[in-house]
Amino acid sequence: MEQETAIDPFSEARRGSGVLVARFGGETIPMILRHDAVRRVAKDWHTFSSDAPMRVPIPSEEAMRSVRQLPIEADPPLHSAVRDMLKPVFLRPVAPAYIARIDALVAELVDAATARPQIEIVREFALPLQSRALAHLLGLPEAEAEEWISWGTHVFHDGEDGAAKGAVLDRYIRNALAKAAGSDGDDFFAVLNRAELDGRRLNTDEMVGIANLTFAGGRDTVINAVSRIIAYFAANRPALDAIGSDAKRIAFAVEEFVRVISPLTHIGRVCPVPTEVGGHTVAADARVSLCWASANRDEAVFDRPGEVRLDRSPNPHLGFGSGIHTCLGAAQARTILRCLIRQLAARTGSITVLGEQRQYEDQRSYRRWVGYEALVVAMEGRT
Ligand code: HEM
């Protein structure tokens with residue numbers, strides 16, 4: 001049963017009080033577990049605020065960065081102004097020409113994988129895919145992604161020293177912004193240099209904070225989703241063949257994978273004044289957690305939540321969050337995952353897992369399976 005509790009470690013507390021009072025380092029944080037409560041709290045930014053530099057992620061990231069990430073670590077009106085300014089970049093993935101480019105990128109990676117006897121999916125497939133797709137999103141040459149790939153699967157956590165890794169990212173961003181100053185191009189760093197907020201230019205910390213989130217936010221989440229989808233279809237080939245190239249089935253499948261994988265377990269909010277949460281008093285300036293992973297297994301909303309039903313409908317999952325901070329990179333993530341399924345169906349005849357090492361989120365109060373340290377597969381091309 002170890003396997004099951006690692007997949008949904010919140011079920012008992014969710015069915016009980018609906019809150020898990022968890023420990024993260026020296027901090028006690030009530031995790032809000034039910035779907036309706038998570039949605040309600042996500043809407044109420046006056047009581048549960050995101051205006052908390054470095055403290056929206058749990059555990060917090062004071063050691064890894066010196067700037068507040070935007071727009072995630074802000075409430076309105078700053079949040080809405082930054083989000084509106086970024087929308088044109090983050091909505092690029094809905095354009096058919098963009099989707100065709102990501103399709104071609106995935107096809108190239110799948111063909112390279114089938115040409116080899118075996119491939120390690122996390123570092124040799126998912127990481128390059130995420131990084132090169134990000135280069136497309138940001139309007140930068142694909143070659144720019146090679147440096148990002150060298151940072152590993154997480155900009156802060158893949159390796160020993162999070163602070164040193166954070167400094168590498170910070171230096172890269174400041175350098176890229178400086179190089180793009182005065183440019184009239186439409187790449188991300190040029191856009192940030194020209195961007196205006198309420199009639200003024202962004203200051204350097206704001207530009208760095210936006211770029212920092214852009215590089216950190218969709219990295220391990222996308223990599224884990226890609227790796228787990230490939231592992232799932234290795235074990236369930238008929239499901240992939242049934243989906244084939246059907247755009248609607250592909251879209252439904254991606255939503256179900258985001259629900260069951262829930263790549264981001266949870267996120268924090270800060271209570272500006274003492275607040276009652278599930279019988280627990282949260283002190284002023286202390287945090288609560290909105291647990292997307294638990295909400296996505298809530299049996300009050302999802303019939304047989306433990307089952308993977310690739311045609312599940314409706315599927316009101318909260319994998320991309322809920323409310324004003326709903327994932328700005330969701331269009332990018334969906335495009336990558338849809339292209340992945342389409343190209344796996346079109347270009348592979350079989351996928352065989354040769355070896356795996358699972359990666360768990362190991363906290364004092366729960367242990368949750370999120371993805372793989374390593375996943376070695378043999379991919380056979382379609383004959
Ligand atoms: C499957 C992959 C992904 C998952 C599961 C995911 C999940 C989430 C969640 C749950 C939130 C809400 C945070 C909150 O309420 O505080 C969020 C916000 C955000 N995500 Fe993602 N994300 C993914 C991919 C991406 C990608 C690829 C990018 C960027 C390229 C990205 C950029 C962002 C940004 C900028 C925000 C903040 C939005 C705001 O504050 O208004 N995400 N994401």
# chains A, B, ... in the order shown; residues from 1 in each chain; ligands from 1
>>> residues_near_ligand(ligand="ligand 1", cutoff="6 Å", atoms="only C-alpha atoms and all ligand atoms", output="JSON, numbers by chain")
{"A": [71, 72, 83, 213, 214, 217, 218, 221, 222, 262, 263, 264, 267, 319, 320, 321, 324, 325, 326, 327, 328, 329, 330, 332, 333]}
>>> write_last_selection(atoms="N, CA, C and O atoms", output="short mmCIF file (atom, residue, chain, number, x, y, z; two decimals), in the first residue's frame")
data_model
loop_
_atom_site.label_atom_id
_atom_site.label_comp_id
_atom_site.auth_asym_id
_atom_site.auth_seq_id
_atom_site.Cartn_x
_atom_site.Cartn_y
_atom_site.Cartn_z
N PRO A 71 4.16 37.58 -11.88
CA PRO A 71 3.13 38.20 -11.04
C PRO A 71 2.70 37.36 -9.83
O PRO A 71 1.81 37.77 -9.09
N ILE A 72 3.35 36.22 -9.57
CA ILE A 72 2.78 35.27 -8.60
C ILE A 72 2.86 35.79 -7.16
O ILE A 72 2.01 35.46 -6.34
N ARG A 83 0.28 40.83 -15.00
CA ARG A 83 -0.31 39.71 -15.74
C ARG A 83 -0.82 40.18 -17.11
O ARG A 83 -0.56 39.54 -18.13
N LEU A 213 10.51 33.87 -12.49
CA LEU A 213 9.33 32.98 -12.43
C LEU A 213 9.15 32.24 -13.76
O LEU A 213 8.82 31.05 -13.79
N THR A 214 9.40 32.94 -14.86
CA THR A 214 9.22 32.31 -16.17
C THR A 214 10.16 31.11 -16.32
O THR A 214 9.78 30.08 -16.88
N GLY A 217 9.05 28.48 -13.06
CA GLY A 217 7.67 28.01 -12.93
C GLY A 217 7.34 26.75 -13.71
O GLY A 217 6.79 25.81 -13.16
N GLY A 218 7.67 26.73 -14.97
CA GLY A 218 7.20 25.61 -15.80
C GLY A 218 8.28 24.62 -16.11
O GLY A 218 8.28 24.04 -17.19
N THR A 221 7.69 20.97 -13.39
CA THR A 221 6.29 20.60 -13.61
C THR A 221 6.11 19.96 -14.99
O THR A 221 5.53 18.87 -15.11
N VAL A 222 6.65 20.62 -16.01
CA VAL A 222 6.52 20.08 -17.38
C VAL A 222 7.34 18.80 -17.52
O VAL A 222 6.88 17.80 -18.11
N SER A 262 -0.86 16.02 -11.08
CA SER A 262 -0.79 17.26 -10.28
C SER A 262 0.67 17.67 -10.05
O SER A 262 1.18 17.57 -8.93
N PRO A 263 1.33 18.14 -11.12
CA PRO A 263 2.78 18.37 -11.02
C PRO A 263 3.17 19.38 -9.94
O PRO A 263 4.25 19.27 -9.37
N LEU A 264 2.30 20.34 -9.65
CA LEU A 264 2.59 21.25 -8.53
C LEU A 264 1.70 20.83 -7.37
O LEU A 264 0.48 20.98 -7.43
N ILE A 267 0.68 25.39 -3.14
CA ILE A 267 1.32 26.71 -3.17
C ILE A 267 0.85 27.47 -1.92
O ILE A 267 -0.21 27.17 -1.39
N GLY A 319 -5.22 21.50 -11.35
CA GLY A 319 -3.78 21.29 -11.57
C GLY A 319 -3.06 22.57 -11.97
O GLY A 319 -1.88 22.76 -11.65
N PHE A 320 -3.76 23.45 -12.68
CA PHE A 320 -3.16 24.73 -13.07
C PHE A 320 -3.58 25.85 -12.12
O PHE A 320 -3.41 27.03 -12.43
N GLY A 321 -4.13 25.49 -10.97
CA GLY A 321 -4.55 26.50 -10.00
C GLY A 321 -5.98 26.93 -10.23
O GLY A 321 -6.74 26.31 -10.98
N ILE A 324 -7.37 34.20 -9.63
CA ILE A 324 -6.61 35.20 -10.41
C ILE A 324 -5.19 34.76 -10.77
O ILE A 324 -4.62 35.27 -11.73
N HIS A 325 -4.63 33.83 -10.01
CA HIS A 325 -3.25 33.41 -10.30
C HIS A 325 -3.19 32.14 -11.16
O HIS A 325 -2.11 31.55 -11.30
N THR A 326 -4.33 31.72 -11.73
CA THR A 326 -4.32 30.51 -12.56
C THR A 326 -3.12 30.55 -13.51
O THR A 326 -2.81 31.60 -14.09
N CYS A 327 -2.51 29.40 -13.69
CA CYS A 327 -1.23 29.32 -14.40
C CYS A 327 -1.22 30.10 -15.72
O CYS A 327 -2.00 29.84 -16.64
N LEU A 328 -0.28 31.02 -15.81
CA LEU A 328 -0.12 31.81 -17.03
C LEU A 328 0.56 30.98 -18.11
O LEU A 328 0.45 31.27 -19.30
N GLY A 329 1.28 29.94 -17.71
CA GLY A 329 1.97 29.08 -18.68
C GLY A 329 1.14 27.87 -19.09
O GLY A 329 1.65 26.97 -19.75
N ALA A 330 -0.16 27.87 -18.73
CA ALA A 330 -0.98 26.68 -19.04
C ALA A 330 -1.08 26.43 -20.54
O ALA A 330 -1.06 25.27 -20.98
N GLN A 332 1.16 27.05 -22.78
CA GLN A 332 2.44 26.45 -23.18
C GLN A 332 2.49 24.98 -22.73
O GLN A 332 2.86 24.11 -23.51
N ALA A 333 2.11 24.71 -21.48
CA ALA A 333 2.16 23.34 -20.98
C ALA A 333 1.22 22.45 -21.80
O ALA A 333 1.58 21.34 -22.20
#
>>> residues_around(residues="A:Phe48", least_positions_apart="2", cutoff="7 Å", atoms="only C-alpha atoms", output="PyMOL selection string")
chain A and resi 41+44-46+50+269-271
>>> write_last_selection(atoms="N, CA, C and O atoms", output="PDB file, in the first residue's frame")
ATOM      1  N   VAL A  41     -10.637  29.662  -1.199  1.00  0.00           N
ATOM      2  CA  VAL A  41      -9.465  30.375  -0.659  1.00  0.00           C
ATOM      3  C   VAL A  41      -8.678  31.053  -1.801  1.00  0.00           C
ATOM      4  O   VAL A  41      -8.181  32.173  -1.646  1.00  0.00           O
ATOM      5  N   ASP A  44     -10.081  34.420  -2.524  1.00  0.00           N
ATOM      6  CA  ASP A  44     -10.135  35.430  -1.458  1.00  0.00           C
ATOM      7  C   ASP A  44      -8.734  35.974  -1.151  1.00  0.00           C
ATOM      8  O   ASP A  44      -8.138  35.654  -0.127  1.00  0.00           O
ATOM      9  N   TRP A  45      -8.231  36.815  -2.052  1.00  0.00           N
ATOM     10  CA  TRP A  45      -6.843  37.263  -1.894  1.00  0.00           C
ATOM     11  C   TRP A  45      -6.668  38.316  -0.798  1.00  0.00           C
ATOM     12  O   TRP A  45      -5.547  38.595  -0.382  1.00  0.00           O
ATOM     13  N   HIS A  46      -7.786  38.893  -0.314  1.00  0.00           N
ATOM     14  CA  HIS A  46      -7.654  39.824   0.811  1.00  0.00           C
ATOM     15  C   HIS A  46      -7.255  39.050   2.077  1.00  0.00           C
ATOM     16  O   HIS A  46      -6.386  39.476   2.831  1.00  0.00           O
ATOM     17  N   SER A  50      -1.079  36.832  -1.731  1.00  0.00           N
ATOM     18  CA  SER A  50       0.147  36.401  -2.422  1.00  0.00           C
ATOM     19  C   SER A  50       1.220  37.479  -2.346  1.00  0.00           C
ATOM     20  O   SER A  50       2.305  37.318  -2.924  1.00  0.00           O
ATOM     21  N   ARG A 269      -0.111  30.827   0.626  1.00  0.00           N
ATOM     22  CA  ARG A 269      -0.694  32.169   0.755  1.00  0.00           C
ATOM     23  C   ARG A 269      -0.395  32.625   2.178  1.00  0.00           C
ATOM     24  O   ARG A 269      -0.278  31.798   3.098  1.00  0.00           O
ATOM     25  N   VAL A 270      -0.302  33.938   2.363  1.00  0.00           N
ATOM     26  CA  VAL A 270      -0.016  34.498   3.684  1.00  0.00           C
ATOM     27  C   VAL A 270      -1.279  35.165   4.226  1.00  0.00           C
ATOM     28  O   VAL A 270      -1.995  35.844   3.474  1.00  0.00           O
ATOM     29  N   CYS A 271      -1.567  34.964   5.510  1.00  0.00           N
ATOM     30  CA  CYS A 271      -2.730  35.619   6.134  1.00  0.00           C
ATOM     31  C   CYS A 271      -2.269  36.924   6.790  1.00  0.00           C
ATOM     32  O   CYS A 271      -1.499  36.875   7.764  1.00  0.00           O
TER      33      CYS A 271
END
>>> atom_distance(atom1="atom CA of A:Pro76", atom2="atom CA of A:Pro53")
14.4 Å
>>> residues_around(residues="A:Ser60", least_positions_apart="4", cutoff="12 Å", atoms="only C-alpha atoms", output="list in words")
Phe24, Gly25, Gly26, Glu27, Ile29, Ala52, Pro53, Met54, Arg55, Val56, Met64, Arg65, Arg68, Gln69, Glu73, Phe156, Gly162, Ile267, Gly268, Arg269, Val270, Arg287 and Ser289 of chain A
>>> residues_around(residues="A:Arg39", least_positions_apart="4", cutoff="9 Å", atoms="only C-alpha atoms", output="PyMOL selection string")
chain A and resi 34-35+43-44+290+295+318+321-323
>>> select_by_dssp(residues="stretch 1-168 of chain A", states="strand (DSSP E or B)", output="list in words")
Val19, Leu20, Val21, Ala22, Arg23, Phe24, Glu27, Thr28, Ile29, Pro30, Met31, Ile32, Ser49, Ile119 and Glu120 of chain A
>>> residues_around(residues="stretch 367-380 of chain A", least_positions_apart="3", cutoff="7 Å", atoms="only C-alpha atoms", output="VMD selection string")
chain A and resid 6 to 7 9 113 to 114 117 to 122 224 227 to 228 261 263 348 to 363
